[in-house]
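Novice: I'd like to ask some things about the structure below.
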Amino acid sequence: MKLHWIDELRPLPPTHLAMPPQSEAPGLLAAGGRLTVERLEEAYRRGIFPWYSANQPVLWWSPDPRMVLQTRAFKVSRSLRKTLKKFIADPACEIRIDHSFDRVMQLCAETPRDGQHGTWIVPAMQRAYRTWHRAGRVHSVETWINGELVGGLYAVAIGHMVFGESMFSLRTDASKIALSALVAFCRAHGVVAIDCQQNTRHLSSLGAFEVPRDLFERMLALGLGGGAIRDWAYHPSHWSHLEL
């Protein structure tokens, strides 16, 4: 299958035209264009996301299968449960949302990951998602201990659909705490699924699993049909939705 090139005016192609699973770049749909808020909105509403490295054009992806975390399927291991209970009980520990969004993006880009060299969160990506954050579509969930930001994640939210983007951790389990908080927040607001984009062992260990693209797109349509979450603030009562 050929790679589709887009410009500023041309819409993204249908997702079924993405490279098939057995290809060299499974899920690659298109290349080109710019990371404008309008383009990102179009892409995410169709289950498409950008992912590329420095010195590459913008690459647009729609993998099949798709990694999804259903919020009710979130796995809390015995050790994580113990960590969360300790975190919740400590007045020096708290979850904040959108308190230090720019710093979260920076740390997600800078934190090394096993088997990866460099980052896909290139400067143009950071600028675009910061602009989208100011438009109310992207949020950071942050783990704070003793007034210090020690872990977190950022995610796109449209309607009742949440798309997880990246996490970082400066202390053991700090990113898992932030993800647990996001799951609790999503359950509190009736969000059924979090898009995780691509399969990793880490996400699988937390309960995420792959679904066919067509099923994901049906889940996406249902999520987009829900009203926007207006109260992006974390309340301690949200922890009760994890049933620890």
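In the structure tokens, chains take letters A, B, ... by order of appearance, with residues numbered from 1 within each chain and ligands from 1 in the order shown.
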Would you list the contacts of A:Ile229 as a PyMOL selection string, taking every protein, DNA or RNA residue within 10 Å and counting only C-alpha atoms, but skipping same-chain residues closer than 5 positions in sequence?

Specialist: chain A and resi 157-161+186+189-191

Novice: What does the file look like for those residues with N, CA and C atoms, as an mmCIF file, in the first residue's frame?

Specialist:
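The result, written out as again_3.cif:
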data_model
loop_
_atom_site.group_PDB
_atom_site.id
_atom_site.type_symbol
_atom_site.label_atom_id
_atom_site.label_comp_id
_atom_site.auth_asym_id
_atom_site.auth_seq_id
_atom_site.Cartn_x
_atom_site.Cartn_y
_atom_site.Cartn_z
ATOM 1 N N ALA A 157 -8.454 14.781 25.766
ATOM 2 C CA ALA A 157 -9.831 14.460 26.150
ATOM 3 C C ALA A 157 -10.798 15.172 25.216
ATOM 4 N N ILE A 158 -11.624 14.389 24.539
ATOM 5 C CA ILE A 158 -12.673 14.928 23.670
ATOM 6 C C ILE A 158 -13.959 14.208 24.024
ATOM 7 N N GLY A 159 -14.974 14.979 24.429
ATOM 8 C CA GLY A 159 -16.195 14.353 24.888
ATOM 9 C C GLY A 159 -15.904 13.463 26.079
ATOM 10 N N HIS A 160 -16.362 12.202 26.005
ATOM 11 C CA HIS A 160 -16.079 11.227 27.052
ATOM 12 C C HIS A 160 -15.048 10.201 26.579
ATOM 13 N N MET A 161 -14.155 10.647 25.689
ATOM 14 C CA MET A 161 -13.061 9.785 25.228
ATOM 15 C C MET A 161 -11.741 10.395 25.684
ATOM 16 N N CYS A 186 -11.604 9.092 35.594
ATOM 17 C CA CYS A 186 -12.450 8.657 34.476
ATOM 18 C C CYS A 186 -13.674 7.893 34.973
ATOM 19 N N HIS A 189 -16.300 10.148 36.259
ATOM 20 C CA HIS A 189 -16.998 10.945 35.241
ATOM 21 C C HIS A 189 -17.621 10.082 34.148
ATOM 22 N N GLY A 190 -17.656 8.784 34.353
ATOM 23 C CA GLY A 190 -18.327 7.913 33.395
ATOM 24 C C GLY A 190 -17.566 7.647 32.122
ATOM 25 N N VAL A 191 -16.246 7.823 32.137
ATOM 26 C CA VAL A 191 -15.422 7.511 30.964
ATOM 27 C C VAL A 191 -15.122 6.019 30.970
#

Novice: Would you mind listing what lies within 6 Å of stretch 117-127 of chain A as a PyMOL selection string, with only C-alpha atoms counted and same-chain residues fewer than 5 positions away left out?

Specialist: chain A and resi 52-53+109

Novice: Grab the residues selected above and save them as a PDB file, in the first residue's frame with C-alpha atoms.

Specialist:
ATOM      1  CA  TYR A  52       7.425  10.844  14.392  1.00  0.00           C
ATOM      2  CA  SER A  53      11.046  11.664  15.138  1.00  0.00           C
ATOM      3  CA  ALA A 109      10.140  14.079  26.458  1.00  0.00           C
TER       4      ALA A 109
END

Novice: Could you check the closest approach to A:Arg66 for each of A:Trp232, A:Trp239, A:Phe209, A:Trp51 and tell me which residue wins, using only C-alpha atoms?

Specialist: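 Among A:Trp232, A:Trp239, A:Phe209, A:Trp51, it is A:Phe209 that comes nearest to A:Arg66.
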
Novice: Counting only C-alpha atoms, which of A:His99, A:Arg72, A:Lys2, A:Arg45 gets nearest to A:Gly223?

Specialist: A:Arg45

Novice: Using DSSP assignments from the backbone, pull out every residue in stretch 48-221 of chain A that falls under helix (DSSP H, G or I) and give it to me as an MDAnalysis selection string.

Specialist: chainID A and resid 71:73 78:89 101:110 123:134 174:188 201:205 213:221

Novice: Ranking A:Thr143, A:Thr71, A:Thr83, A:Gln22 by minimum distance to A:Leu170 and counting only C-alpha atoms, which one comes first?

Specialist: A:Thr143

Novice: Extract, using only C-alpha atoms, all DNA, RNA and protein residues at most 7 Å from stretch 140-142 of chain A, discarding same-chain residues fewer than 5 positions from it, and format them as a PyMOL selection string.

Specialist: chain A and resi 95-98+101+104+149+151-155+178+182

Novice: Would you mind exporting N, CA and C atoms of the selected residues as a JSON list (two decimals), in the first residue's frame?

Specialist:
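Produced file selection-v8.json, reproduced below:
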[["chain", "number", "residue", "atom", "x", "y", "z"],
["A", 95, "ILE", "N", -2.50, 14.61, 44.18],
["A", 95, "ILE", "CA", -2.65, 14.60, 42.73],
["A", 95, "ILE", "C", -3.14, 15.99, 42.31],
["A", 96, "ARG", "N", -2.47, 16.55, 41.31],
["A", 96, "ARG", "CA", -2.91, 17.81, 40.74],
["A", 96, "ARG", "C", -3.16, 17.61, 39.24],
["A", 97, "ILE", "N", -4.10, 18.34, 38.72],
["A", 97, "ILE", "CA", -4.39, 18.31, 37.29],
["A", 97, "ILE", "C", -4.12, 19.69, 36.69],
["A", 98, "ASP", "N", -3.32, 19.70, 35.63],
["A", 98, "ASP", "CA", -3.03, 20.92, 34.87],
["A", 98, "ASP", "C", -2.30, 21.99, 35.69],
["A", 101, "PHE", "N", 1.52, 21.78, 33.40],
["A", 101, "PHE", "CA", 1.40, 21.03, 32.14],
["A", 101, "PHE", "C", 2.67, 21.09, 31.31],
["A", 104, "VAL", "N", 5.31, 18.85, 32.67],
["A", 104, "VAL", "CA", 5.00, 17.44, 32.46],
["A", 104, "VAL", "C", 5.39, 17.02, 31.04],
["A", 149, "LEU", "N", 7.10, 17.84, 42.03],
["A", 149, "LEU", "CA", 6.53, 17.05, 40.95],
["A", 149, "LEU", "C", 7.43, 15.84, 40.68],
["A", 151, "GLY", "N", 6.15, 12.70, 39.15],
["A", 151, "GLY", "CA", 5.66, 11.82, 38.11],
["A", 151, "GLY", "C", 4.39, 12.38, 37.51],
["A", 152, "GLY", "N", 4.00, 11.83, 36.38],
["A", 152, "GLY", "CA", 2.76, 12.31, 35.77],
["A", 152, "GLY", "C", 2.57, 11.80, 34.36],
["A", 153, "LEU", "N", 1.53, 12.30, 33.75],
["A", 153, "LEU", "CA", 1.18, 11.94, 32.38],
["A", 153, "LEU", "C", 0.40, 13.07, 31.76],
["A", 154, "TYR", "N", 0.27, 13.02, 30.44],
["A", 154, "TYR", "CA", -0.68, 13.94, 29.79],
["A", 154, "TYR", "C", -1.55, 13.16, 28.84],
["A", 155, "ALA", "N", -2.76, 13.66, 28.64],
["A", 155, "ALA", "CA", -3.76, 12.94, 27.86],
["A", 155, "ALA", "C", -4.68, 13.92, 27.16],
["A", 178, "ALA", "N", -0.10, 8.33, 39.01],
["A", 178, "ALA", "CA", -0.81, 9.28, 38.16],
["A", 178, "ALA", "C", -1.82, 8.57, 37.27],
["A", 182, "LEU", "N", -5.85, 8.94, 37.09],
["A", 182, "LEU", "CA", -6.62, 9.20, 35.87],
["A", 182, "LEU", "C", -7.75, 8.18, 35.73]]

Novice: Identify all residues of stretch 88-196 of chain A in strand (DSSP E) (DSSP on the backbone) and supply them as a VMD selection string.

Specialist: chain A and resid 93 to 97 138 to 145 148 to 158 161 to 169 193 to 196

Novice: Next, write the just-selected residues to a file, as a PDB file, in the first residue's frame, keeping C-alpha atoms as the atom set.

Specialist:
ATOM      1  CA  CYS A  93       1.138  13.587  48.786  1.00  0.00           C
ATOM      2  CA  GLU A  94      -1.400  14.865  46.283  1.00  0.00           C
ATOM      3  CA  ILE A  95      -2.650  14.603  42.731  1.00  0.00           C
ATOM      4  CA  ARG A  96      -2.906  17.813  40.735  1.00  0.00           C
ATOM      5  CA  ILE A  97      -4.391  18.305  37.289  1.00  0.00           C
ATOM      6  CA  VAL A 138      -5.119  18.259  26.678  1.00  0.00           C
ATOM      7  CA  HIS A 139      -4.584  17.723  30.399  1.00  0.00           C
ATOM      8  CA  SER A 140      -1.808  16.672  32.739  1.00  0.00           C
ATOM      9  CA  VAL A 141      -2.296  14.418  35.759  1.00  0.00           C
ATOM     10  CA  GLU A 142       0.535  15.017  38.209  1.00  0.00           C
ATOM     11  CA  THR A 143       1.972  13.187  41.223  1.00  0.00           C
ATOM     12  CA  TRP A 144       3.280  15.584  43.883  1.00  0.00           C
ATOM     13  CA  ILE A 145       5.188  14.644  47.045  1.00  0.00           C
ATOM     14  CA  GLU A 148       7.746  18.321  44.306  1.00  0.00           C
ATOM     15  CA  LEU A 149       6.526  17.050  40.951  1.00  0.00           C
ATOM     16  CA  VAL A 150       7.756  13.441  40.824  1.00  0.00           C
ATOM     17  CA  GLY A 151       5.658  11.821  38.110  1.00  0.00           C
ATOM     18  CA  GLY A 152       2.763  12.309  35.774  1.00  0.00           C
ATOM     19  CA  LEU A 153       1.184  11.935  32.382  1.00  0.00           C
ATOM     20  CA  TYR A 154      -0.675  13.942  29.794  1.00  0.00           C
ATOM     21  CA  ALA A 155      -3.763  12.936  27.864  1.00  0.00           C
ATOM     22  CA  VAL A 156      -6.140  14.281  25.240  1.00  0.00           C
ATOM     23  CA  ALA A 157      -9.831  14.460  26.150  1.00  0.00           C
ATOM     24  CA  ILE A 158     -12.673  14.928  23.670  1.00  0.00           C
ATOM     25  CA  MET A 161     -13.061   9.785  25.228  1.00  0.00           C
ATOM     26  CA  VAL A 162      -9.596  10.008  26.777  1.00  0.00           C
ATOM     27  CA  PHE A 163      -6.403   9.345  24.834  1.00  0.00           C
ATOM     28  CA  GLY A 164      -3.322   8.590  26.922  1.00  0.00           C
ATOM     29  CA  GLU A 165      -0.175  10.097  25.443  1.00  0.00           C
ATOM     30  CA  SER A 166       2.937   9.701  27.609  1.00  0.00           C
ATOM     31  CA  MET A 167       4.074   9.232  31.211  1.00  0.00           C
ATOM     32  CA  PHE A 168       7.204   9.974  33.221  1.00  0.00           C
ATOM     33  CA  SER A 169       8.431   8.981  36.659  1.00  0.00           C
ATOM     34  CA  ALA A 193     -12.079   3.620  27.967  1.00  0.00           C
ATOM     35  CA  ILE A 194      -8.650   5.209  27.647  1.00  0.00           C
ATOM     36  CA  ASP A 195      -6.921   4.886  24.300  1.00  0.00           C
ATOM     37  CA  CYS A 196      -3.337   3.648  24.757  1.00  0.00           C
TER      38      CYS A 196
END

Novice: At what distance in Å, to one decimal, does atom CA of A:Leu35 lie from atom CA of A:Leu215?

Specialist: 26.7 Å

Novice: Could you pull the residues within 12 Å of A:Ser23, counting only C-alpha atoms, minus those fewer than 6 positions along the same chain, as a list in words?

Specialist: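 The filter keeps Met1, Lys2, Leu3, Leu29, Pro63 and Asp64 of chain A.
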
Novice: Store the residues of this selection in a file with C-alpha atoms, as an mmCIF file, in the first residue's frame.

Specialist:
data_model
loop_
_atom_site.group_PDB
_atom_site.id
_atom_site.type_symbol
_atom_site.label_atom_id
_atom_site.label_comp_id
_atom_site.auth_asym_id
_atom_site.auth_seq_id
_atom_site.Cartn_x
_atom_site.Cartn_y
_atom_site.Cartn_z
ATOM 1 C CA MET A 1 0.000 0.000 0.000
ATOM 2 C CA LYS A 2 1.251 3.483 -0.785
ATOM 3 C CA LEU A 3 1.877 6.220 1.773
ATOM 4 C CA LEU A 29 -1.596 6.183 7.373
ATOM 5 C CA PRO A 63 -2.826 0.944 14.066
ATOM 6 C CA ASP A 64 -4.857 -2.229 13.850
#

Novice: For each of A:Ala92, A:Gln56, A:Leu220, A:Lys82, take the minimum atom-to-atom distance to A:Gly147, counting only C-alpha atoms, then give the residue where this is smallest.

Specialist: A:Ala92
